[in-house]
Amino acid sequence: MKRVSLTQYLVEEQRLNNSIPAELRLLIEVVARACKTISHAVGKGALGEVLGTAGSENIQGEVQKKLDILSNEILLEANEWGGHLAAMASEEMESIHPIPNRYPQGEYMLLFDPLDGSSNIDVNVSIGTIFSVLKAPDGMGKPTEQDFLQPGSKQVAAGYAVYGPQTVLVLTTGNGVNCFTLDREMGSWVLTQRNMQIPADTKEFAINASNTRHWYPPVTRYVDEMLAGGTGPRGKEFNMRWIASMVADVHRILNRGGIFMYPADKREPDKAGKLRLMYEANPMSFIVEQAGGASTDGKRRMLDIQPEKLHQRVAVFLGSKNEVERVTQYHQE
Ligand code: AHM
Ligand code: MG
C-alpha cells in the first residue's frame, strides 16, 4: 500500500480542491506535531512522571491533572511562534491567550481541549485532544474573547487525536473526514481512513446511565424505549457503551455508528450539561456532520448556536442521523 502522509494529504488537498490555504495547512501540521508530543508523554505514563493530579483547579473548578497542564503547555508553545495564529483559547485557561508581541500575528484562532477524558488518564484508558479552528474577524485589533464567540458553522477546521492502543488523528477542513494513524517508529502521521461515514441507523448508544434519575422526560423516554429491546416500541435490541472519554466514544461512532449523549439534567437547571460548546461540542459536531451524522443540543443544530461565553456548556446529542433526529424530536413534543 502506498503511504500518504498528513503533509502529502494536506498539500494535495490544497492543490486539488483549494480547500486548505497554506497558513491553515501549517497550523494543522503544528497541531498534529503537538499531538505527537502529547501522545509520547501519555505513552510514558508513570515512567514519565506525568500521572496524577497537579494540585490546581481549572476555570470550571475541576481538579487539573498533570497531563491536562502539560498538554495545554505543549499546544501553546507549539502554536505561538508560527505566525499563523492571532490567539488561542483552551478549556484549561480562564481567558484567551493572544499571540505574544514578539511573534507575527496570523489570521486564525485556535481552540482546544488539550486532554479530554481526564478521569481516564491514570487508568490507562483512551484519552485525547480536541481542537477547533476559526478565522479571526476582519479588521480585528487586539484579540478579545468576543472574537471567539462565533457559531460552530464558522469553523474552518476541526479535529481530535485519540491516545489509545493506536494514536490516531481525525481531521476535517469541511471536505469530509479523514483519519491518520501515528507511525510511532517513523514519527509520522499516515492516512489510514478516507472519507469516514457514520451509518444513519445504529443499535448502540452512549450515555452516563448513573445520572438516570436526574434526566428530563425526553431523554428518559428515548433511553427507556431502547432499553425495552426487541419487544418494545423500537422493535430491536440496543447495546450500550460509555468510555467516559468523548474522543473515544466519538471515534467508535465514526467507525461503526451510534449515538452519544450528554444531556442537561435536573441537578443544575441553569447549566446546560457538562460538555463545553467551543472546545468539545462544536469541533465534534463539525466532524460528525462532515461524516454524514447529526448533532444537536436536543433542540437546535449544534453548529447554529451563537455562543455567549467562551466556556459555555451545552447538552450534546450526536452521531447516527436517524437517532439524533428522533431524540431531538422527543424534545420538541
Ligand atoms: P474533561 O474534558 O474534563 O475530560 O471532561 C469531559 C469528559 C468527556 O470526555 C466525557 O464524555 C465525559 O467528560 C465523561 O463524563 P462522566 O464523568 O460523567 O462519565
Ligand atoms: Mg474534555
# chains A, B, ... in the order shown; residues from 1 in each chain; ligands from 1

$ select_by_dssp --residues "stretch 1-247 of chain A" --states "strand (DSSP E or B)" --output "VMD selection string"
chain A and resid 5 53 to 57 63 to 65 85 to 90 97 to 98 108 to 116 127 to 135 157 to 163 167 to 172 177 to 183 188 to 193 204 to 206 239 to 240

$ residues_near_ligand --ligand "ligand 1" --cutoff "6 Å" --atoms "only C-alpha atoms and all ligand atoms" --output "tab-separated table (two decimals) with C-alpha atoms, in the first residue's frame"
chain	number	residue	atom	x	y	z
A	116	ASP	CA	-10.10	15.13	27.01
A	117	GLY	CA	-11.21	12.28	29.25
A	118	SER	CA	-9.09	13.35	32.20
A	208	ASN	CA	-23.68	8.04	31.58
A	244	ALA	CA	-16.08	8.49	29.67
A	245	SER	CA	-13.68	9.94	27.09
A	246	MET	CA	-15.68	11.81	24.48

$ residues_near_ligand --ligand "ligand 2" --cutoff "10 Å" --atoms "only C-alpha atoms and all ligand atoms" --output "PyMOL selection string"
chain A and resi 68+91-92+112-119+127-130+244-247+274-276+279-281

$ closest_residue --among "A:Asn195, A:Asn175, A:Thr296, A:Asn72" --to "A:Leu16" --atoms "only C-alpha atoms"
A:Asn175

$ atom_distance --atom1 "atom CA of A:Tyr160" --atom2 "atom CA of A:Ala248"
9.7 Å

$ residues_around --residues "A:Leu149" --least-positions-apart "3" --cutoff "12 Å" --atoms "only C-alpha atoms" --output "list of chain:residue names"
A:Ala89, A:Ile96, A:Met109, A:Leu111, A:Leu134, A:Lys135, A:Ala136, A:Pro137, A:Pro143, A:Thr144, A:Glu145, A:Gln146, A:Gly152, A:Ser153, A:Lys154, A:Gln155, A:Leu277, A:Met278, A:Tyr279, A:Asn282, A:Asp304, A:Ile305, A:Gln306, A:Pro307, A:Glu308, A:Lys309, A:Leu310, A:His311, A:Gln312

$ closest_residue --among "A:Val123, A:Val31, A:Ala264, A:Gly106" --to "A:Ile243" --atoms "only C-alpha atoms"
A:Val123

$ residues_around --residues "stretch 209-211 of chain A" --least-positions-apart "3" --cutoff "10 Å" --atoms "only C-alpha atoms" --output "list in words"
Ala206, His214, Trp215, Val223, Met240, Trp242, Tyr262, Pro263, Asp265, Lys266 and Arg267 of chain A

$ write_last_selection --atoms "N, CA and C atoms" --output "PDB file, in the first residue's frame"
ATOM      1  N   ALA A 206     -24.594   5.708  23.821  1.00  0.00           N
ATOM      2  CA  ALA A 206     -23.609   6.039  24.853  1.00  0.00           C
ATOM      3  C   ALA A 206     -24.159   7.158  25.720  1.00  0.00           C
ATOM      4  N   HIS A 214     -31.684  11.883  37.213  1.00  0.00           N
ATOM      5  CA  HIS A 214     -31.660  13.340  37.038  1.00  0.00           C
ATOM      6  C   HIS A 214     -32.171  13.788  35.660  1.00  0.00           C
ATOM      7  N   TRP A 215     -32.388  12.843  34.757  1.00  0.00           N
ATOM      8  CA  TRP A 215     -32.726  13.223  33.368  1.00  0.00           C
ATOM      9  C   TRP A 215     -34.081  13.900  33.265  1.00  0.00           C
ATOM     10  N   VAL A 223     -34.281   6.747  26.122  1.00  0.00           N
ATOM     11  CA  VAL A 223     -33.442   5.640  26.610  1.00  0.00           C
ATOM     12  C   VAL A 223     -34.321   4.447  27.016  1.00  0.00           C
ATOM     13  N   MET A 240     -25.161  -0.844  24.939  1.00  0.00           N
ATOM     14  CA  MET A 240     -24.660   0.417  25.458  1.00  0.00           C
ATOM     15  C   MET A 240     -23.142   0.400  25.621  1.00  0.00           C
ATOM     16  N   TRP A 242     -19.997   3.200  27.174  1.00  0.00           N
ATOM     17  CA  TRP A 242     -19.656   4.502  27.758  1.00  0.00           C
ATOM     18  C   TRP A 242     -18.204   4.459  28.209  1.00  0.00           C
ATOM     19  N   TYR A 262     -24.783  13.630  26.138  1.00  0.00           N
ATOM     20  CA  TYR A 262     -24.519  14.174  27.473  1.00  0.00           C
ATOM     21  C   TYR A 262     -25.551  15.270  27.693  1.00  0.00           C
ATOM     22  N   PRO A 263     -26.728  14.867  28.221  1.00  0.00           N
ATOM     23  CA  PRO A 263     -27.834  15.825  28.314  1.00  0.00           C
ATOM     24  C   PRO A 263     -27.654  16.803  29.470  1.00  0.00           C
ATOM     25  N   ASP A 265     -29.364  18.142  32.845  1.00  0.00           N
ATOM     26  CA  ASP A 265     -30.261  17.408  33.738  1.00  0.00           C
ATOM     27  C   ASP A 265     -30.701  18.260  34.924  1.00  0.00           C
ATOM     28  N   LYS A 266     -31.522  17.644  35.794  1.00  0.00           N
ATOM     29  CA  LYS A 266     -32.197  18.415  36.849  1.00  0.00           C
ATOM     30  C   LYS A 266     -31.272  18.855  37.979  1.00  0.00           C
ATOM     31  N   ARG A 267     -30.067  18.314  38.004  1.00  0.00           N
ATOM     32  CA  ARG A 267     -29.176  18.662  39.113  1.00  0.00           C
ATOM     33  C   ARG A 267     -28.892  20.143  39.163  1.00  0.00           C
TER      34      ARG A 267
END

$ atom_distance --atom1 "atom CA of A:Ala158" --atom2 "atom CA of A:Val170"
8.5 Å

$ residues_around --residues "A:Arg252" --least-positions-apart "6" --cutoff "12 Å" --atoms "only C-alpha atoms" --output "number ranges by chain"
A: 126, 162, 170, 196-199, 202, 204-206, 241-243, 245-246, 258-260, 288, 319-320

$ select_by_dssp --residues "stretch 97-301 of chain A" --states "helix (DSSP H, G or I)" --output "ChimeraX atom specification"
/A:118-123,145-148,152-154,209-214,217-227,229-231,246-256,277-290

$ residues_around --residues "A:Thr167" --least-positions-apart "4" --cutoff "7 Å" --atoms "only C-alpha atoms" --output "PyMOL selection string"
chain A and resi 39+161-163+181-182

$ write_last_selection --atoms "N, CA and C atoms" --output "PDB file, in the first residue's frame"
ATOM      1  N   SER A  39       1.100  12.559  22.760  1.00  0.00           N
ATOM      2  CA  SER A  39       0.987  11.097  22.675  1.00  0.00           C
ATOM      3  C   SER A  39       2.206  10.424  23.309  1.00  0.00           C
ATOM      4  N   ALA A 161      -7.389  14.003  18.418  1.00  0.00           N
ATOM      5  CA  ALA A 161      -6.451  12.884  18.473  1.00  0.00           C
ATOM      6  C   ALA A 161      -6.933  11.950  19.568  1.00  0.00           C
ATOM      7  N   VAL A 162      -6.793  10.656  19.346  1.00  0.00           N
ATOM      8  CA  VAL A 162      -7.059   9.683  20.413  1.00  0.00           C
ATOM      9  C   VAL A 162      -5.734   9.022  20.771  1.00  0.00           C
ATOM     10  N   TYR A 163      -5.391   9.073  22.055  1.00  0.00           N
ATOM     11  CA  TYR A 163      -4.201   8.371  22.545  1.00  0.00           C
ATOM     12  C   TYR A 163      -4.685   7.065  23.134  1.00  0.00           C
ATOM     13  N   THR A 181      -3.076   7.615  11.197  1.00  0.00           N
ATOM     14  CA  THR A 181      -2.539   6.845  12.317  1.00  0.00           C
ATOM     15  C   THR A 181      -1.081   7.227  12.513  1.00  0.00           C
ATOM     16  N   LEU A 182      -0.695   7.413  13.767  1.00  0.00           N
ATOM     17  CA  LEU A 182       0.695   7.766  14.049  1.00  0.00           C
ATOM     18  C   LEU A 182       1.574   6.530  13.919  1.00  0.00           C
TER      19      LEU A 182
END
